[in-house]
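So this one's start-v1.cif, mmCIF, N, CA and C atoms:
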```
data_coords
#
loop_
_atom_site.label_atom_id
_atom_site.label_comp_id
_atom_site.auth_asym_id
_atom_site.auth_seq_id
_atom_site.Cartn_x
_atom_site.Cartn_y
_atom_site.Cartn_z
N MET P 213 6.94 2.31 -8.31
CA MET P 213 6.78 1.22 -7.38
C MET P 213 7.81 0.17 -7.74
N SER P 214 8.53 -0.31 -6.75
CA SER P 214 9.53 -1.34 -7.00
C SER P 214 9.20 -2.58 -6.20
N PRO P 215 9.43 -3.76 -6.79
CA PRO P 215 9.11 -4.98 -6.07
C PRO P 215 10.01 -5.16 -4.86
N CYS P 216 9.43 -5.70 -3.83
CA CYS P 216 10.20 -5.95 -2.60
C CYS P 216 10.90 -7.30 -2.69
N THR P 217 10.22 -8.29 -3.25
CA THR P 217 10.80 -9.62 -3.30
C THR P 217 10.64 -10.29 -4.66
N GLY P 218 10.34 -9.54 -5.70
CA GLY P 218 10.22 -10.12 -7.02
C GLY P 218 8.89 -9.81 -7.67
N ARG P 219 8.84 -9.93 -8.98
CA ARG P 219 7.66 -9.53 -9.76
C ARG P 219 6.41 -10.33 -9.41
N GLY P 220 6.52 -11.62 -9.16
CA GLY P 220 5.36 -12.44 -8.86
C GLY P 220 4.96 -12.41 -7.40
N SER P 221 5.67 -11.66 -6.62
CA SER P 221 5.45 -11.60 -5.18
C SER P 221 4.19 -10.84 -4.83
N HIS P 222 3.68 -11.07 -3.65
CA HIS P 222 2.54 -10.33 -3.12
C HIS P 222 3.00 -9.22 -2.18
N ARG P 223 4.22 -8.74 -2.39
CA ARG P 223 4.79 -7.66 -1.57
C ARG P 223 5.39 -6.62 -2.50
N ARG P 224 5.03 -5.37 -2.26
CA ARG P 224 5.59 -4.27 -3.03
C ARG P 224 5.90 -3.12 -2.07
N VAL P 225 6.86 -2.29 -2.46
CA VAL P 225 7.19 -1.10 -1.69
C VAL P 225 6.97 0.11 -2.59
N VAL P 226 6.24 1.10 -2.08
CA VAL P 226 5.99 2.34 -2.81
C VAL P 226 6.64 3.46 -2.02
N MET P 227 7.46 4.27 -2.70
CA MET P 227 8.08 5.42 -2.05
C MET P 227 7.05 6.53 -1.97
N THR P 228 6.78 7.00 -0.77
CA THR P 228 5.76 8.02 -0.54
C THR P 228 6.31 9.12 0.36
N THR P 229 5.45 10.07 0.68
CA THR P 229 5.82 11.16 1.59
C THR P 229 4.91 11.11 2.81
N CYS P 230 5.50 11.16 3.98
CA CYS P 230 4.74 11.20 5.24
C CYS P 230 4.63 12.66 5.68
N GLN P 231 3.42 13.19 5.68
CA GLN P 231 3.25 14.59 6.08
C GLN P 231 3.46 14.79 7.57
N ALA P 232 3.25 13.76 8.37
CA ALA P 232 3.44 13.88 9.82
C ALA P 232 4.92 13.93 10.18
N HIS P 233 5.75 13.23 9.42
CA HIS P 233 7.17 13.14 9.76
C HIS P 233 8.07 13.87 8.77
N GLY P 234 7.48 14.42 7.68
CA GLY P 234 8.18 15.33 6.79
C GLY P 234 9.24 14.79 5.87
N ALA P 235 9.37 13.50 5.72
CA ALA P 235 10.41 12.95 4.86
C ALA P 235 9.89 12.84 3.42
N THR P 236 10.08 13.88 2.62
CA THR P 236 9.56 13.91 1.26
C THR P 236 10.15 12.79 0.42
N GLY P 237 9.27 11.94 -0.11
CA GLY P 237 9.69 10.85 -0.97
C GLY P 237 10.53 9.80 -0.28
N PHE P 238 10.52 9.79 1.03
CA PHE P 238 11.42 8.90 1.75
C PHE P 238 10.68 8.01 2.76
N THR P 239 9.39 7.82 2.55
CA THR P 239 8.63 6.95 3.43
C THR P 239 8.27 5.69 2.67
N ASN P 240 8.70 4.55 3.15
CA ASN P 240 8.37 3.29 2.51
C ASN P 240 6.96 2.87 2.90
N LEU P 241 6.11 2.64 1.90
CA LEU P 241 4.78 2.08 2.13
C LEU P 241 4.82 0.65 1.64
N LEU P 242 4.73 -0.28 2.57
CA LEU P 242 4.71 -1.69 2.21
C LEU P 242 3.28 -2.09 1.89
N VAL P 243 3.07 -2.62 0.69
CA VAL P 243 1.76 -3.07 0.25
C VAL P 243 1.86 -4.58 0.05
N THR P 244 1.03 -5.32 0.78
CA THR P 244 1.07 -6.77 0.67
C THR P 244 -0.34 -7.31 0.43
N ARG P 245 -0.40 -8.54 -0.03
CA ARG P 245 -1.66 -9.24 -0.18
C ARG P 245 -1.58 -10.50 0.67
N GLU P 246 -2.49 -10.60 1.62
CA GLU P 246 -2.51 -11.73 2.55
C GLU P 246 -3.90 -12.35 2.55
N ASP P 247 -4.02 -13.53 1.98
CA ASP P 247 -5.30 -14.25 1.94
C ASP P 247 -6.43 -13.39 1.37
N GLY P 248 -6.15 -12.67 0.28
CA GLY P 248 -7.16 -11.86 -0.38
C GLY P 248 -7.37 -10.49 0.24
N ILE P 249 -6.66 -10.16 1.29
CA ILE P 249 -6.76 -8.86 1.96
C ILE P 249 -5.55 -8.03 1.54
N ILE P 250 -5.79 -6.77 1.17
CA ILE P 250 -4.70 -5.85 0.85
C ILE P 250 -4.30 -5.15 2.14
N VAL P 251 -3.01 -5.17 2.44
CA VAL P 251 -2.49 -4.59 3.68
C VAL P 251 -1.55 -3.45 3.34
N LEU P 252 -1.82 -2.26 3.89
CA LEU P 252 -0.98 -1.09 3.70
C LEU P 252 -0.26 -0.80 5.01
N ASN P 253 1.05 -0.82 4.97
CA ASN P 253 1.87 -0.68 6.18
C ASN P 253 2.84 0.49 5.99
N PRO P 254 2.42 1.72 6.35
CA PRO P 254 3.31 2.86 6.22
C PRO P 254 4.51 2.75 7.16
N HIS P 255 5.63 3.19 6.69
CA HIS P 255 6.89 3.16 7.45
C HIS P 255 7.41 1.73 7.67
N VAL P 256 6.70 0.72 7.19
CA VAL P 256 7.07 -0.68 7.36
C VAL P 256 7.35 -0.96 8.84
N ALA P 257 6.57 -0.33 9.71
CA ALA P 257 6.84 -0.41 11.15
C ALA P 257 5.71 -1.09 11.94
N ASN P 258 4.63 -1.46 11.27
CA ASN P 258 3.48 -2.09 11.92
C ASN P 258 2.85 -1.22 13.00
N CYS P 259 3.07 0.09 12.94
CA CYS P 259 2.49 0.97 13.97
C CYS P 259 1.09 1.43 13.59
N CYS P 260 0.77 1.44 12.31
CA CYS P 260 -0.56 1.81 11.84
C CYS P 260 -0.79 1.06 10.53
N VAL P 261 -1.44 -0.07 10.60
CA VAL P 261 -1.61 -0.94 9.44
C VAL P 261 -3.06 -0.90 8.99
N LEU P 262 -3.27 -0.65 7.69
CA LEU P 262 -4.61 -0.62 7.12
C LEU P 262 -4.85 -1.92 6.37
N ARG P 263 -6.01 -2.54 6.61
CA ARG P 263 -6.37 -3.79 5.95
C ARG P 263 -7.63 -3.55 5.14
N LEU P 264 -7.56 -3.80 3.84
CA LEU P 264 -8.69 -3.58 2.94
C LEU P 264 -9.18 -4.92 2.41
N ASP P 265 -10.47 -5.23 2.66
CA ASP P 265 -11.02 -6.43 2.05
C ASP P 265 -11.23 -6.15 0.57
N GLU P 266 -11.71 -7.14 -0.18
CA GLU P 266 -11.82 -6.98 -1.63
C GLU P 266 -12.73 -5.81 -2.00
N GLN P 267 -13.83 -5.64 -1.31
CA GLN P 267 -14.76 -4.55 -1.61
C GLN P 267 -14.09 -3.19 -1.39
N ALA P 268 -13.39 -3.02 -0.29
CA ALA P 268 -12.71 -1.76 0.00
C ALA P 268 -11.58 -1.51 -0.99
N ALA P 269 -10.83 -2.55 -1.35
CA ALA P 269 -9.73 -2.40 -2.30
C ALA P 269 -10.25 -1.99 -3.67
N ARG P 270 -11.36 -2.59 -4.09
CA ARG P 270 -11.95 -2.22 -5.39
C ARG P 270 -12.48 -0.79 -5.37
N ALA P 271 -13.06 -0.38 -4.24
CA ALA P 271 -13.53 1.00 -4.12
C ALA P 271 -12.36 1.97 -4.24
N LEU P 272 -11.25 1.66 -3.57
CA LEU P 272 -10.06 2.51 -3.65
C LEU P 272 -9.50 2.53 -5.07
N LEU P 273 -9.47 1.38 -5.72
CA LEU P 273 -9.01 1.30 -7.11
C LEU P 273 -9.87 2.19 -8.01
N GLY P 274 -11.18 2.16 -7.81
CA GLY P 274 -12.08 2.99 -8.60
C GLY P 274 -11.84 4.48 -8.37
N ILE P 275 -11.64 4.85 -7.14
CA ILE P 275 -11.38 6.26 -6.80
C ILE P 275 -10.08 6.72 -7.44
N LEU P 276 -9.02 5.93 -7.29
CA LEU P 276 -7.73 6.31 -7.87
C LEU P 276 -7.82 6.37 -9.39
N GLY P 277 -8.52 5.42 -10.01
CA GLY P 277 -8.71 5.43 -11.45
C GLY P 277 -9.44 6.67 -11.92
N GLU P 278 -10.46 7.08 -11.16
CA GLU P 278 -11.21 8.28 -11.49
C GLU P 278 -10.32 9.52 -11.39
N TRP P 279 -9.56 9.63 -10.33
CA TRP P 279 -8.71 10.78 -10.11
C TRP P 279 -7.56 10.86 -11.11
N LEU P 280 -7.01 9.70 -11.46
CA LEU P 280 -5.85 9.68 -12.35
C LEU P 280 -6.21 9.61 -13.83
N GLY P 281 -7.49 9.35 -14.10
CA GLY P 281 -7.97 9.33 -15.49
C GLY P 281 -7.67 8.08 -16.14
#
```
Here is a file; write its structure as structure tokens.
Amino acid sequence: MSPCTGRGSHRRVVMTTCQAHGATGFTNLLVTREDGIIVLNPHVANCCVLRLDEQAARALLGILGEWLG
């Protein structure tokens, strides 16, 4: 994961793979924090934006932690 605008920023870009469009390792996932909400913006195109409140974000963090050990 590389910072989009700096280490203290609430914006990060994660290089991912889009199975619908087939670009292995070439899909930018913009992850931002806006007023306590985590926003996931695949393709950085605002065409399908996921918004996670604190409860949903913590649930996702727990799932990823469990899977990754």
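When atom N of His222 of chain P is paired with atom CA of Trp279 of chain P, their separation reads 25.9 Å.
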- Message: Residues within 8 Å of segment 241-251 of chain P, please, as a PyMOL selection string. Count all atoms listed in the file; anything in the same chain fewer than 3 positions from it doesn't count.
- Response: chain P and resi 221-229+238+254-257+261-266+269
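Taking atom N of Ala232 of chain P and atom C of Asn258 of chain P as the two end points, the separation is 15.7 Å.
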- Task: Tell me, in Å to one decimal, how far atom N of His233 of chain P is from atom C of Ile275 of chain P.
- Result: 24.0 Å
- Item | All helix (DSSP H, G or I) positions in chain P, as a PyMOL selection string | chain P and resi 266-280
According to DSSP computed on the backbone, where in chain P is there strand (DSSP E or B)? Give the residues as a PDB file with N, CA and C atoms, in the frame of the given file.
```
ATOM      1  N   SER P 214       8.530  -0.310  -6.750  1.00  0.00           N
ATOM      2  CA  SER P 214       9.530  -1.340  -7.000  1.00  0.00           C
ATOM      3  C   SER P 214       9.200  -2.580  -6.200  1.00  0.00           C
ATOM      4  N   PRO P 215       9.430  -3.760  -6.790  1.00  0.00           N
ATOM      5  CA  PRO P 215       9.110  -4.980  -6.070  1.00  0.00           C
ATOM      6  C   PRO P 215      10.010  -5.160  -4.860  1.00  0.00           C
ATOM      7  N   ARG P 223       4.220  -8.740  -2.390  1.00  0.00           N
ATOM      8  CA  ARG P 223       4.790  -7.660  -1.570  1.00  0.00           C
ATOM      9  C   ARG P 223       5.390  -6.620  -2.500  1.00  0.00           C
ATOM     10  N   ARG P 224       5.030  -5.370  -2.260  1.00  0.00           N
ATOM     11  CA  ARG P 224       5.590  -4.270  -3.030  1.00  0.00           C
ATOM     12  C   ARG P 224       5.900  -3.120  -2.070  1.00  0.00           C
ATOM     13  N   VAL P 225       6.860  -2.290  -2.460  1.00  0.00           N
ATOM     14  CA  VAL P 225       7.190  -1.100  -1.690  1.00  0.00           C
ATOM     15  C   VAL P 225       6.970   0.110  -2.590  1.00  0.00           C
ATOM     16  N   VAL P 226       6.240   1.100  -2.080  1.00  0.00           N
ATOM     17  CA  VAL P 226       5.990   2.340  -2.810  1.00  0.00           C
ATOM     18  C   VAL P 226       6.640   3.460  -2.020  1.00  0.00           C
ATOM     19  N   MET P 227       7.460   4.270  -2.700  1.00  0.00           N
ATOM     20  CA  MET P 227       8.080   5.420  -2.050  1.00  0.00           C
ATOM     21  C   MET P 227       7.050   6.530  -1.970  1.00  0.00           C
ATOM     22  N   THR P 228       6.780   7.000  -0.770  1.00  0.00           N
ATOM     23  CA  THR P 228       5.760   8.020  -0.540  1.00  0.00           C
ATOM     24  C   THR P 228       6.310   9.120   0.360  1.00  0.00           C
ATOM     25  N   THR P 239       9.390   7.820   2.550  1.00  0.00           N
ATOM     26  CA  THR P 239       8.630   6.950   3.430  1.00  0.00           C
ATOM     27  C   THR P 239       8.270   5.690   2.670  1.00  0.00           C
ATOM     28  N   ASN P 240       8.700   4.550   3.150  1.00  0.00           N
ATOM     29  CA  ASN P 240       8.370   3.290   2.510  1.00  0.00           C
ATOM     30  C   ASN P 240       6.960   2.870   2.900  1.00  0.00           C
ATOM     31  N   LEU P 241       6.110   2.640   1.900  1.00  0.00           N
ATOM     32  CA  LEU P 241       4.780   2.080   2.130  1.00  0.00           C
ATOM     33  C   LEU P 241       4.820   0.650   1.640  1.00  0.00           C
ATOM     34  N   LEU P 242       4.730  -0.280   2.570  1.00  0.00           N
ATOM     35  CA  LEU P 242       4.710  -1.690   2.210  1.00  0.00           C
ATOM     36  C   LEU P 242       3.280  -2.090   1.890  1.00  0.00           C
ATOM     37  N   VAL P 243       3.070  -2.620   0.690  1.00  0.00           N
ATOM     38  CA  VAL P 243       1.760  -3.070   0.250  1.00  0.00           C
ATOM     39  C   VAL P 243       1.860  -4.580   0.050  1.00  0.00           C
ATOM     40  N   THR P 244       1.030  -5.320   0.780  1.00  0.00           N
ATOM     41  CA  THR P 244       1.070  -6.770   0.670  1.00  0.00           C
ATOM     42  C   THR P 244      -0.340  -7.310   0.430  1.00  0.00           C
ATOM     43  N   ARG P 245      -0.400  -8.540  -0.030  1.00  0.00           N
ATOM     44  CA  ARG P 245      -1.660  -9.240  -0.180  1.00  0.00           C
ATOM     45  C   ARG P 245      -1.580 -10.500   0.670  1.00  0.00           C
ATOM     46  N   GLU P 246      -2.490 -10.600   1.620  1.00  0.00           N
ATOM     47  CA  GLU P 246      -2.510 -11.730   2.550  1.00  0.00           C
ATOM     48  C   GLU P 246      -3.900 -12.350   2.550  1.00  0.00           C
ATOM     49  N   ILE P 249      -6.660 -10.160   1.290  1.00  0.00           N
ATOM     50  CA  ILE P 249      -6.760  -8.860   1.960  1.00  0.00           C
ATOM     51  C   ILE P 249      -5.550  -8.030   1.540  1.00  0.00           C
ATOM     52  N   ILE P 250      -5.790  -6.770   1.170  1.00  0.00           N
ATOM     53  CA  ILE P 250      -4.700  -5.850   0.850  1.00  0.00           C
ATOM     54  C   ILE P 250      -4.300  -5.150   2.140  1.00  0.00           C
ATOM     55  N   VAL P 251      -3.010  -5.170   2.440  1.00  0.00           N
ATOM     56  CA  VAL P 251      -2.490  -4.590   3.680  1.00  0.00           C
ATOM     57  C   VAL P 251      -1.550  -3.450   3.340  1.00  0.00           C
ATOM     58  N   LEU P 252      -1.820  -2.260   3.890  1.00  0.00           N
ATOM     59  CA  LEU P 252      -0.980  -1.090   3.700  1.00  0.00           C
ATOM     60  C   LEU P 252      -0.260  -0.800   5.010  1.00  0.00           C
ATOM     61  N   ASN P 253       1.050  -0.820   4.970  1.00  0.00           N
ATOM     62  CA  ASN P 253       1.870  -0.680   6.180  1.00  0.00           C
ATOM     63  C   ASN P 253       2.840   0.490   5.990  1.00  0.00           C
ATOM     64  N   PRO P 254       2.420   1.720   6.350  1.00  0.00           N
ATOM     65  CA  PRO P 254       3.310   2.860   6.220  1.00  0.00           C
ATOM     66  C   PRO P 254       4.510   2.750   7.160  1.00  0.00           C
ATOM     67  N   LEU P 262      -3.270  -0.650   7.690  1.00  0.00           N
ATOM     68  CA  LEU P 262      -4.610  -0.620   7.120  1.00  0.00           C
ATOM     69  C   LEU P 262      -4.850  -1.920   6.370  1.00  0.00           C
ATOM     70  N   ARG P 263      -6.010  -2.540   6.610  1.00  0.00           N
ATOM     71  CA  ARG P 263      -6.370  -3.790   5.950  1.00  0.00           C
ATOM     72  C   ARG P 263      -7.630  -3.550   5.140  1.00  0.00           C
ATOM     73  N   LEU P 264      -7.560  -3.800   3.840  1.00  0.00           N
ATOM     74  CA  LEU P 264      -8.690  -3.580   2.940  1.00  0.00           C
ATOM     75  C   LEU P 264      -9.180  -4.920   2.410  1.00  0.00           C
TER      76      LEU P 264
END
```
